[in-house]
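J.: My structure is in entry21.tsv, and what it holds is TSV, C-alpha atoms:
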chain	number	residue	atom	x	y	z
A	234	MET	CA	22.42	46.94	56.98
A	235	SER	CA	21.07	43.46	57.70
A	236	GLY	CA	20.61	40.03	56.14
A	237	PHE	CA	22.86	37.00	56.47
A	238	VAL	CA	25.83	37.29	58.81
A	239	GLU	CA	27.31	34.37	56.88
A	240	LYS	CA	25.55	33.47	53.62
A	241	PRO	CA	25.17	29.68	53.54
A	242	GLU	CA	26.75	27.75	50.71
A	243	PRO	CA	24.00	26.14	48.62
A	244	VAL	CA	23.81	22.35	48.55
A	245	GLU	CA	23.85	21.00	45.02
A	246	VAL	CA	21.75	17.86	44.40
A	247	PRO	CA	21.52	16.13	41.00
A	248	GLY	CA	18.08	16.59	39.48
A	249	LEU	CA	17.25	19.61	41.63
A	250	VAL	CA	17.53	23.27	40.66
A	251	ARG	CA	18.07	25.67	43.54
A	252	LEU	CA	15.57	28.53	43.44
A	253	HIS	CA	16.04	30.49	46.64
A	254	THR	CA	17.89	30.66	49.94
A	255	GLY	CA	15.61	32.12	52.61
A	256	LYS	CA	16.06	32.99	56.24
A	257	VAL	CA	15.34	29.40	57.23
A	258	ARG	CA	14.25	27.47	54.15
A	259	ASP	CA	16.04	26.55	50.95
A	260	LEU	CA	13.85	26.02	47.89
A	261	TYR	CA	14.59	23.73	44.97
A	262	GLN	CA	12.64	22.48	41.98
A	263	ASN	CA	12.68	18.87	40.85
A	264	GLU	CA	12.42	17.59	37.29
A	265	ALA	CA	8.64	17.19	37.64
A	266	GLY	CA	8.31	20.89	38.44
A	267	ASP	CA	7.48	20.33	42.11
A	268	LEU	CA	9.04	22.43	44.86
A	269	VAL	CA	11.45	20.81	47.30
A	270	MET	CA	11.50	22.76	50.55
A	271	VAL	CA	14.31	22.15	53.05
A	272	ALA	CA	14.08	23.69	56.54
A	273	SER	CA	17.53	24.50	57.88
A	274	ASP	CA	18.54	25.06	61.51
A	275	ARG	CA	19.17	28.76	60.84
A	276	ILE	CA	17.58	31.33	63.14
A	277	SER	CA	16.93	35.01	62.54
A	278	ALA	CA	16.44	37.96	64.86
A	279	TYR	CA	16.21	41.71	64.33
A	280	ASP	CA	16.35	41.21	60.54
A	281	TRP	CA	19.62	39.26	60.72
A	282	VAL	CA	20.11	35.58	60.00
A	283	LEU	CA	22.48	34.70	62.81
A	284	PRO	CA	25.79	32.88	62.38
A	285	THR	CA	24.80	30.24	64.97
A	286	GLU	CA	22.32	27.46	64.21
A	287	ILE	CA	19.85	25.80	66.61
A	288	PRO	CA	20.26	22.01	66.30
A	289	ASP	CA	17.09	20.16	65.16
A	290	LYS	CA	15.16	23.40	64.64
A	291	GLY	CA	14.42	22.70	60.98
A	292	ARG	CA	13.16	19.20	61.76
A	293	VAL	CA	10.93	20.50	64.55
A	294	LEU	CA	9.41	23.11	62.21
A	295	THR	CA	8.84	20.55	59.47
A	296	GLN	CA	7.33	17.86	61.68
A	297	LEU	CA	5.11	20.33	63.52
A	298	SER	CA	3.88	21.77	60.22
A	299	LEU	CA	2.99	18.26	59.04
A	300	TRP	CA	1.05	17.65	62.25
A	301	TRP	CA	-0.86	20.90	61.85
A	302	PHE	CA	-1.60	20.25	58.18
A	303	ASP	CA	-3.37	17.06	59.34
A	304	GLN	CA	-5.39	18.98	61.95
A	305	LEU	CA	-6.53	21.49	59.32
A	306	ALA	CA	-7.16	19.17	56.37
A	307	ASP	CA	-10.94	19.59	56.51
A	308	LEU	CA	-10.65	23.39	56.41
A	309	VAL	CA	-8.11	23.99	53.64
A	310	PRO	CA	-5.92	21.79	51.42
A	311	ASN	CA	-2.15	22.09	51.81
A	312	HIS	CA	0.81	21.98	49.45
A	313	VAL	CA	2.52	18.78	50.67
A	314	LEU	CA	2.93	16.06	48.06
A	315	SER	CA	5.53	13.85	49.74
A	316	THR	CA	8.00	13.61	52.59
A	317	THR	CA	10.21	11.18	50.67
A	318	LEU	CA	13.80	12.35	50.46
A	319	PRO	CA	14.82	13.16	46.86
A	320	GLU	CA	17.34	10.74	45.40
A	321	GLY	CA	20.88	11.95	45.96
A	322	ALA	CA	19.92	14.39	48.74
A	323	PRO	CA	22.25	14.55	51.77
A	324	ALA	CA	21.28	12.46	54.79
A	325	ASP	CA	20.91	15.63	56.85
A	326	TRP	CA	17.83	16.54	54.81
A	327	LYS	CA	15.88	13.68	56.40
A	328	GLY	CA	12.96	14.93	58.47
A	329	ARG	CA	13.32	18.50	57.27
A	330	THR	CA	12.34	18.14	53.60
A	331	LEU	CA	8.94	18.43	51.91
A	332	VAL	CA	8.08	17.93	48.25
A	333	CYS	CA	5.31	20.42	47.54
A	334	LYS	CA	2.97	21.65	44.84
A	335	SER	CA	4.21	24.59	42.83
A	336	LEU	CA	1.70	27.39	43.42
A	337	GLU	CA	1.00	30.94	42.39
A	338	MET	CA	1.64	32.52	45.78
A	339	ALA	CA	-0.40	35.39	47.17
A	340	PRO	CA	1.95	38.37	47.62
A	341	VAL	CA	0.96	38.93	51.26
A	342	GLU	CA	1.55	37.37	54.66
A	343	CYS	CA	-1.88	36.49	56.07
A	344	VAL	CA	-1.69	37.37	59.75
A	345	ALA	CA	-4.37	36.60	62.33
A	346	ARG	CA	-4.30	38.18	65.78
A	347	GLY	CA	-6.40	37.22	68.76
A	348	TYR	CA	-4.28	39.06	71.31
A	349	LEU	CA	-2.57	42.44	71.29
A	350	THR	CA	1.23	42.41	71.24
A	351	GLY	CA	4.22	43.00	68.95
A	352	SER	CA	3.82	45.41	66.05
A	353	GLY	CA	0.07	45.44	66.62
A	354	LEU	CA	0.59	46.84	70.12
A	355	VAL	CA	2.91	49.56	68.77
A	356	GLU	CA	0.30	50.72	66.25
A	357	TYR	CA	-2.52	50.49	68.80
A	358	GLU	CA	-0.66	52.69	71.27
A	359	GLU	CA	-0.22	55.31	68.54
A	360	SER	CA	-3.67	55.27	66.91
A	361	ARG	CA	-5.97	52.72	68.66
A	362	THR	CA	-5.91	50.74	65.43
A	363	VAL	CA	-4.14	47.68	63.99
A	364	CYS	CA	-3.76	47.65	60.21
A	365	GLY	CA	-6.38	50.38	60.13
A	366	LEU	CA	-8.91	48.35	62.16
A	367	ALA	CA	-10.28	50.32	65.11
A	368	LEU	CA	-9.99	48.62	68.50
A	369	PRO	CA	-11.61	49.57	71.83
A	370	PRO	CA	-9.72	51.70	74.36
A	371	GLY	CA	-8.06	50.28	77.43
A	372	LEU	CA	-6.19	47.37	75.85
A	373	VAL	CA	-2.67	46.58	77.06
A	374	ASN	CA	0.18	44.27	76.09
A	375	GLY	CA	-1.26	40.74	76.05
A	376	SER	CA	-4.95	41.74	76.05
A	377	GLU	CA	-7.36	39.35	74.35
A	378	LEU	CA	-9.13	41.11	71.49
A	379	PRO	CA	-12.94	41.17	71.31
A	380	ALA	CA	-12.62	39.01	68.16
A	381	ALA	CA	-9.71	37.77	66.07
A	382	ILE	CA	-8.65	40.19	63.33
A	383	PHE	CA	-7.01	39.77	59.92
A	384	THR	CA	-3.93	42.00	59.75
A	385	PRO	CA	-2.01	41.27	56.54
A	386	ALA	CA	1.57	42.26	55.81
A	387	THR	CA	3.72	42.56	52.73
A	388	LYS	CA	6.38	39.90	52.24
A	389	ALA	CA	9.88	41.22	52.79
A	390	ALA	CA	13.21	40.11	51.37
A	391	VAL	CA	15.86	38.67	53.69
A	392	GLY	CA	17.08	41.48	55.92
A	393	ASP	CA	13.95	43.63	55.53
A	394	HIS	CA	10.86	44.06	57.70
A	395	ASP	CA	7.45	42.75	56.72
A	396	GLU	CA	5.17	45.78	56.72
A	397	ASN	CA	1.58	45.75	57.92
A	398	VAL	CA	-0.93	46.80	55.26
A	399	SER	CA	-4.67	47.42	55.22
A	400	TYR	CA	-7.26	45.00	53.91
A	401	GLU	CA	-8.02	47.51	51.19
A	402	GLU	CA	-4.40	47.27	50.02
A	403	VAL	CA	-4.69	43.47	49.84
A	404	ALA	CA	-7.85	43.82	47.75
A	405	ARG	CA	-5.97	46.17	45.43
A	406	LEU	CA	-3.09	43.68	45.09
A	407	VAL	CA	-5.05	40.47	44.54
A	408	GLY	CA	-8.62	41.55	43.79
A	409	PRO	CA	-11.62	41.72	46.14
A	410	GLU	CA	-12.69	38.08	45.75
A	411	THR	CA	-9.25	36.66	46.56
A	412	ALA	CA	-8.80	39.13	49.41
A	413	ALA	CA	-12.09	37.99	50.95
A	414	GLU	CA	-11.09	34.35	50.51
A	415	LEU	CA	-7.72	34.97	52.18
A	416	ARG	CA	-9.31	36.76	55.14
A	417	GLN	CA	-12.04	34.18	55.65
A	418	THR	CA	-9.66	31.22	55.45
A	419	THR	CA	-7.03	32.86	57.65
A	420	LEU	CA	-9.53	33.52	60.43
A	421	ALA	CA	-11.08	30.05	60.13
A	422	VAL	CA	-7.70	28.34	60.43
A	423	TYR	CA	-6.68	30.59	63.32
A	424	SER	CA	-9.92	29.82	65.17
A	425	ARG	CA	-9.34	26.07	64.82
A	426	ALA	CA	-5.71	26.36	65.90
A	427	LEU	CA	-6.62	28.60	68.85
A	428	ASP	CA	-8.98	25.90	70.16
A	429	VAL	CA	-6.45	23.11	69.63
A	430	ALA	CA	-3.73	25.07	71.42
A	431	ARG	CA	-6.03	25.92	74.34
A	432	GLU	CA	-6.76	22.23	74.86
A	433	ARG	CA	-3.01	21.80	75.36
A	434	GLY	CA	-2.56	24.69	77.77
A	435	LEU	CA	-1.24	27.18	75.23
A	436	ILE	CA	-2.52	30.51	73.94
A	437	LEU	CA	-1.99	31.18	70.24
A	438	ALA	CA	-1.64	34.96	70.36
A	439	ASP	CA	-1.06	35.48	66.65
A	440	THR	CA	0.19	33.66	63.59
A	441	LYS	CA	0.93	34.16	59.93
A	442	PHE	CA	0.05	31.97	56.97
A	443	GLU	CA	1.06	31.86	53.35
A	444	PHE	CA	-1.40	30.82	50.67
A	445	GLY	CA	-1.21	30.15	46.96
A	446	HIS	CA	-3.50	28.97	44.19
A	447	ASP	CA	-2.94	25.80	42.20
A	448	ALA	CA	-3.56	25.44	38.47
A	449	ASP	CA	-7.27	24.87	39.14
A	450	GLY	CA	-7.58	28.08	41.14
A	451	THR	CA	-7.97	26.29	44.48
A	452	LEU	CA	-6.63	28.13	47.53
A	453	ILE	CA	-3.81	26.10	49.12
A	454	LEU	CA	-2.13	26.52	52.52
A	455	ALA	CA	1.64	26.57	51.95
A	456	ASP	CA	5.06	26.99	53.55
A	457	GLU	CA	5.20	26.31	57.30
A	458	VAL	CA	2.11	26.47	59.48
A	459	LEU	CA	1.62	27.28	63.17
A	460	THR	CA	5.24	26.72	64.16
A	461	PRO	CA	7.10	28.78	66.78
A	462	ASP	CA	8.76	30.66	63.89
A	463	SER	CA	5.45	31.79	62.38
A	464	SER	CA	3.33	31.95	65.53
A	465	ARG	CA	3.37	33.39	69.02
A	466	TYR	CA	2.49	30.80	71.68
A	467	TRP	CA	2.14	31.67	75.36
A	468	PRO	CA	1.62	29.33	78.32
A	469	ALA	CA	-2.01	29.80	79.36
A	470	ASP	CA	-1.37	29.31	83.07
A	471	THR	CA	0.93	32.35	83.30
A	472	TRP	CA	-0.96	34.68	80.93
A	473	GLU	CA	-1.27	38.13	82.51
A	474	PRO	CA	-2.18	41.16	80.38
A	475	GLY	CA	-0.14	44.29	81.01
A	476	ARG	CA	3.30	42.76	80.59
A	477	ALA	CA	5.36	40.81	78.08
A	478	GLN	CA	4.38	37.13	78.06
A	479	PRO	CA	6.90	34.27	78.00
A	480	SER	CA	6.81	32.60	74.60
A	481	PHE	CA	7.89	29.47	72.77
A	482	ASP	CA	10.13	31.00	70.16
A	483	LYS	CA	13.29	33.10	69.92
A	484	GLN	CA	12.83	34.82	73.27
A	485	PHE	CA	16.19	33.69	74.69
A	486	VAL	CA	17.96	34.75	71.50
A	487	ARG	CA	16.38	38.22	71.43
A	488	ASP	CA	16.97	38.73	75.15
A	489	TRP	CA	20.65	37.81	74.90
A	490	LEU	CA	21.27	39.89	71.77
A	491	THR	CA	19.87	43.00	73.46
A	492	SER	CA	21.68	42.36	76.75
A	493	GLU	CA	25.02	43.83	77.76
A	494	ALA	CA	26.48	40.33	77.63
A	495	SER	CA	26.31	40.26	73.83
A	496	GLY	CA	28.09	43.58	73.37
A	497	TRP	CA	25.97	44.17	70.26
A	498	ASP	CA	24.16	47.36	69.31
A	499	ARG	CA	21.15	46.39	67.19
A	500	HIS	CA	20.88	49.96	65.90
A	501	ALA	CA	24.43	50.01	64.57
A	502	GLU	CA	25.48	48.45	61.27
A	503	GLN	CA	27.63	45.69	62.76
A	504	PRO	CA	26.30	42.13	62.41
A	505	PRO	CA	25.31	40.30	65.60
A	506	PRO	CA	27.78	37.92	67.28
A	507	ALA	CA	27.60	34.15	67.60
A	508	LEU	CA	25.25	32.82	70.26
A	509	PRO	CA	26.66	31.22	73.42
A	510	GLU	CA	26.00	27.53	73.99
A	511	GLU	CA	23.56	28.15	76.85
A	512	VAL	CA	21.31	30.33	74.66
A	513	VAL	CA	21.42	27.74	71.88
A	514	ASP	CA	20.49	24.91	74.27
A	515	ARG	CA	17.64	26.83	75.91
A	516	THR	CA	16.24	27.92	72.55
A	517	ARG	CA	16.38	24.37	71.19
A	518	ALA	CA	14.56	23.16	74.31
A	519	LYS	CA	11.78	25.74	73.78
A	520	TYR	CA	11.17	24.64	70.19
A	521	ILE	CA	11.03	21.00	71.26
A	522	GLU	CA	8.74	21.82	74.19
A	523	ALA	CA	6.30	23.54	71.82
A	524	TYR	CA	6.31	20.48	69.56
A	525	GLU	CA	5.76	18.07	72.43
A	526	ARG	CA	3.02	20.10	74.11
A	527	LEU	CA	1.08	20.55	70.88
A	528	THR	CA	1.43	17.06	69.41
A	529	GLY	CA	1.61	15.02	72.61
A	530	VAL	CA	4.56	13.15	71.10
A	531	SER	CA	8.04	13.02	72.64
A	532	TRP	CA	10.77	14.45	70.40
A	533	GLY	CA	13.34	11.92	69.27
Could you rewrite the structure in this file as structure tokens?
T.:
Amino acid sequence: MSGFVEKPEPVEVPGLVRLHTGKVRDLYQNEAGDLVMVASDRISAYDWVLPTEIPDKGRVLTQLSLWWFDQLADLVPNHVLSTTLPEGAPADWKGRTLVCKSLEMAPVECVARGYLTGSGLVEYEESRTVCGLALPPGLVNGSELPAAIFTPATKAAVGDHDENVSYEEVARLVGPETAAELRQTTLAVYSRALDVARERGLILADTKFEFGHDADGTLILADEVLTPDSSRYWPADTWEPGRAQPSFDKQFVRDWLTSEASGWDRHAEQPPPALPEEVVDRTRAKYIEAYERLTGVSWG
């Protein structure tokens, strides 16, 4: 059992039709048929959307995505039409809302990995492969790969795991031409982002993108991009293969949930407890630090 500990009540706004409540984002459609995407302060871990929010998290994700969309504009177009708040929307939506193109979304998460960790490490230790791609022996947690790899995953519903799939499965789902386009674009964007992050003292270990096609068939980068929720950033000056690396994401949340202090058994069916204030504050600080280090702009 997993999902929302407390399902959020949807916000009703005149002129908007609510389409979906996700782990973090709420999706609406306006009268013109555009998507209105609102990033909440919700946080998820171990397939649960937790009952405690991280203040400003949704704004950080939105503003960092906008910054990255600008850095990538010459590589791939993105889905953002406007950052203007829809008429009648609550004031709290300011800074966390994007009006976006409505796209036909590819049914896969497009993951790029330049370093071995996470689910990729688990598969490698079992079979010396990641998503069916053979890797050389001798790699450990945190190792840099000989070259970045495209390791797609299926999109999961709230409360379920994304599951890694092979490139051949992607080609079966979307056709060989679209699969090749997704792989090429994913690796090109990752390569650019890797260089940008390195210039700022960060390692972009892996990341996931979502793409869709517009009415003209053009591939469009959508959703969030290169945020701490969709990407694994490590400080370059402390990188040391062979151990878990400190990261700019939910590390404090995961560590506390699996500690004795939480009293929670992630393998049982009970939902996780509320987060203590210290964990909330430290997690918020990590998201803001990632934003400031990448953009060079002070938060707030």
J.: Around the point (9.3, 18.8, 63.3), in the coordinates given by the file, pick out the residues reaching within 9 Å, counting all atoms listed in the file, and return them as a PyMOL selection string.
T.: chain A and resi 289-300+328-329+460+521+524+532
J.: Excluding same-chain residues fewer than 6 positions from A:Gly450, what lies within 12 Å of it counting only C-alpha atoms, as JSON, numbers by chain?
T.: {"A": [336, 337, 338, 339, 411, 414, 444]}
J.: Compare A:Val341, A:Val363, A:Ile453, A:Leu268 by their minimum atom-to-atom distance to A:Leu406, counting all atoms listed in the file, and give me the closest one.
T.: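 Result for the nearest residue to A:Leu406: A:Val341.
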J.: Take the point (1.4, 32.9, 57.1) as written in the file and pick out every residue within 10 Å of it, counting all atoms listed in the file; give the list as a PyMOL selection string.
T.: chain A and resi 341-345+385-386+388+419+440-444+454-459+463-464
J.: Kindly indicate which residue among A:Asp307, A:Glu320, A:Glu402, A:Glu239 lies nearest to A:Leu283, using only C-alpha atoms for the distances.
T.: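 Of the candidates, the smallest distance to A:Leu283 is held by A:Glu239.
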J.: Nearest to A:His446: which of A:Asn263, A:Gln304, A:Asn311, A:Ser273 is it, counting all atoms listed in the file?
T.: A:Asn311
J.: List as a PyMOL selection string the protein and nucleic acid residues near stretch 376-381 of chain A, meaning an atom at most 12 Å away when all atoms listed in the file are counted, but skip any in the same chain fewer than 5 places from it.
T.: chain A and resi 344-351+353-354+357+362-363+366-371+416-417+419-425+427+436-440+472-478
J.: Could you please fill out stretch 254-269 of chain A with N, CA and C atoms and send it back as an mmCIF file, in the frame of the given file?
T.:
data_model
loop_
_atom_site.group_PDB
_atom_site.id
_atom_site.type_symbol
_atom_site.label_atom_id
_atom_site.label_comp_id
_atom_site.auth_asym_id
_atom_site.auth_seq_id
_atom_site.Cartn_x
_atom_site.Cartn_y
_atom_site.Cartn_z
ATOM 1 N N THR A 254 17.402 30.889 48.581
ATOM 2 C CA THR A 254 17.890 30.660 49.940
ATOM 3 C C THR A 254 17.224 31.685 50.843
ATOM 4 N N GLY A 255 16.327 31.224 51.720
ATOM 5 C CA GLY A 255 15.610 32.120 52.610
ATOM 6 C C GLY A 255 16.231 32.185 53.973
ATOM 7 N N LYS A 256 15.554 32.876 54.877
ATOM 8 C CA LYS A 256 16.060 32.990 56.240
ATOM 9 C C LYS A 256 16.255 31.620 56.869
ATOM 10 N N VAL A 257 15.293 30.739 56.648
ATOM 11 C CA VAL A 257 15.340 29.400 57.230
ATOM 12 C C VAL A 257 15.296 28.321 56.159
ATOM 13 N N ARG A 258 14.470 28.518 55.126
ATOM 14 C CA ARG A 258 14.250 27.470 54.150
ATOM 15 C C ARG A 258 15.004 27.684 52.842
ATOM 16 N N ASP A 259 15.445 26.556 52.274
ATOM 17 C CA ASP A 259 16.040 26.550 50.950
ATOM 18 C C ASP A 259 15.055 25.893 49.995
ATOM 19 N N LEU A 260 14.818 26.524 48.860
ATOM 20 C CA LEU A 260 13.850 26.020 47.890
ATOM 21 C C LEU A 260 14.547 25.518 46.638
ATOM 22 N N TYR A 261 14.094 24.342 46.190
ATOM 23 C CA TYR A 261 14.590 23.730 44.970
ATOM 24 C C TYR A 261 13.391 23.334 44.106
ATOM 25 N N GLN A 262 13.662 23.022 42.865
ATOM 26 C CA GLN A 262 12.640 22.480 41.980
ATOM 27 C C GLN A 262 13.134 21.182 41.397
ATOM 28 N N ASN A 263 12.274 20.148 41.424
ATOM 29 C CA ASN A 263 12.680 18.870 40.850
ATOM 30 C C ASN A 263 12.295 18.798 39.378
ATOM 31 N N GLU A 264 12.630 17.698 38.746
ATOM 32 C CA GLU A 264 12.420 17.590 37.290
ATOM 33 C C GLU A 264 10.949 17.536 36.914
ATOM 34 N N ALA A 265 10.086 17.205 37.898
ATOM 35 C CA ALA A 265 8.640 17.190 37.640
ATOM 36 C C ALA A 265 8.011 18.563 37.796
ATOM 37 N N GLY A 266 8.820 19.543 38.239
ATOM 38 C CA GLY A 266 8.310 20.890 38.440
ATOM 39 C C GLY A 266 7.775 21.147 39.834
ATOM 40 N N ASP A 267 7.920 20.153 40.731
ATOM 41 C CA ASP A 267 7.480 20.330 42.110
ATOM 42 C C ASP A 267 8.547 21.093 42.911
ATOM 43 N N LEU A 268 8.113 21.753 43.966
ATOM 44 C CA LEU A 268 9.040 22.430 44.860
ATOM 45 C C LEU A 268 9.571 21.454 45.910
ATOM 46 N N VAL A 269 10.838 21.557 46.212
ATOM 47 C CA VAL A 269 11.450 20.810 47.300
ATOM 48 C C VAL A 269 11.894 21.831 48.339
#
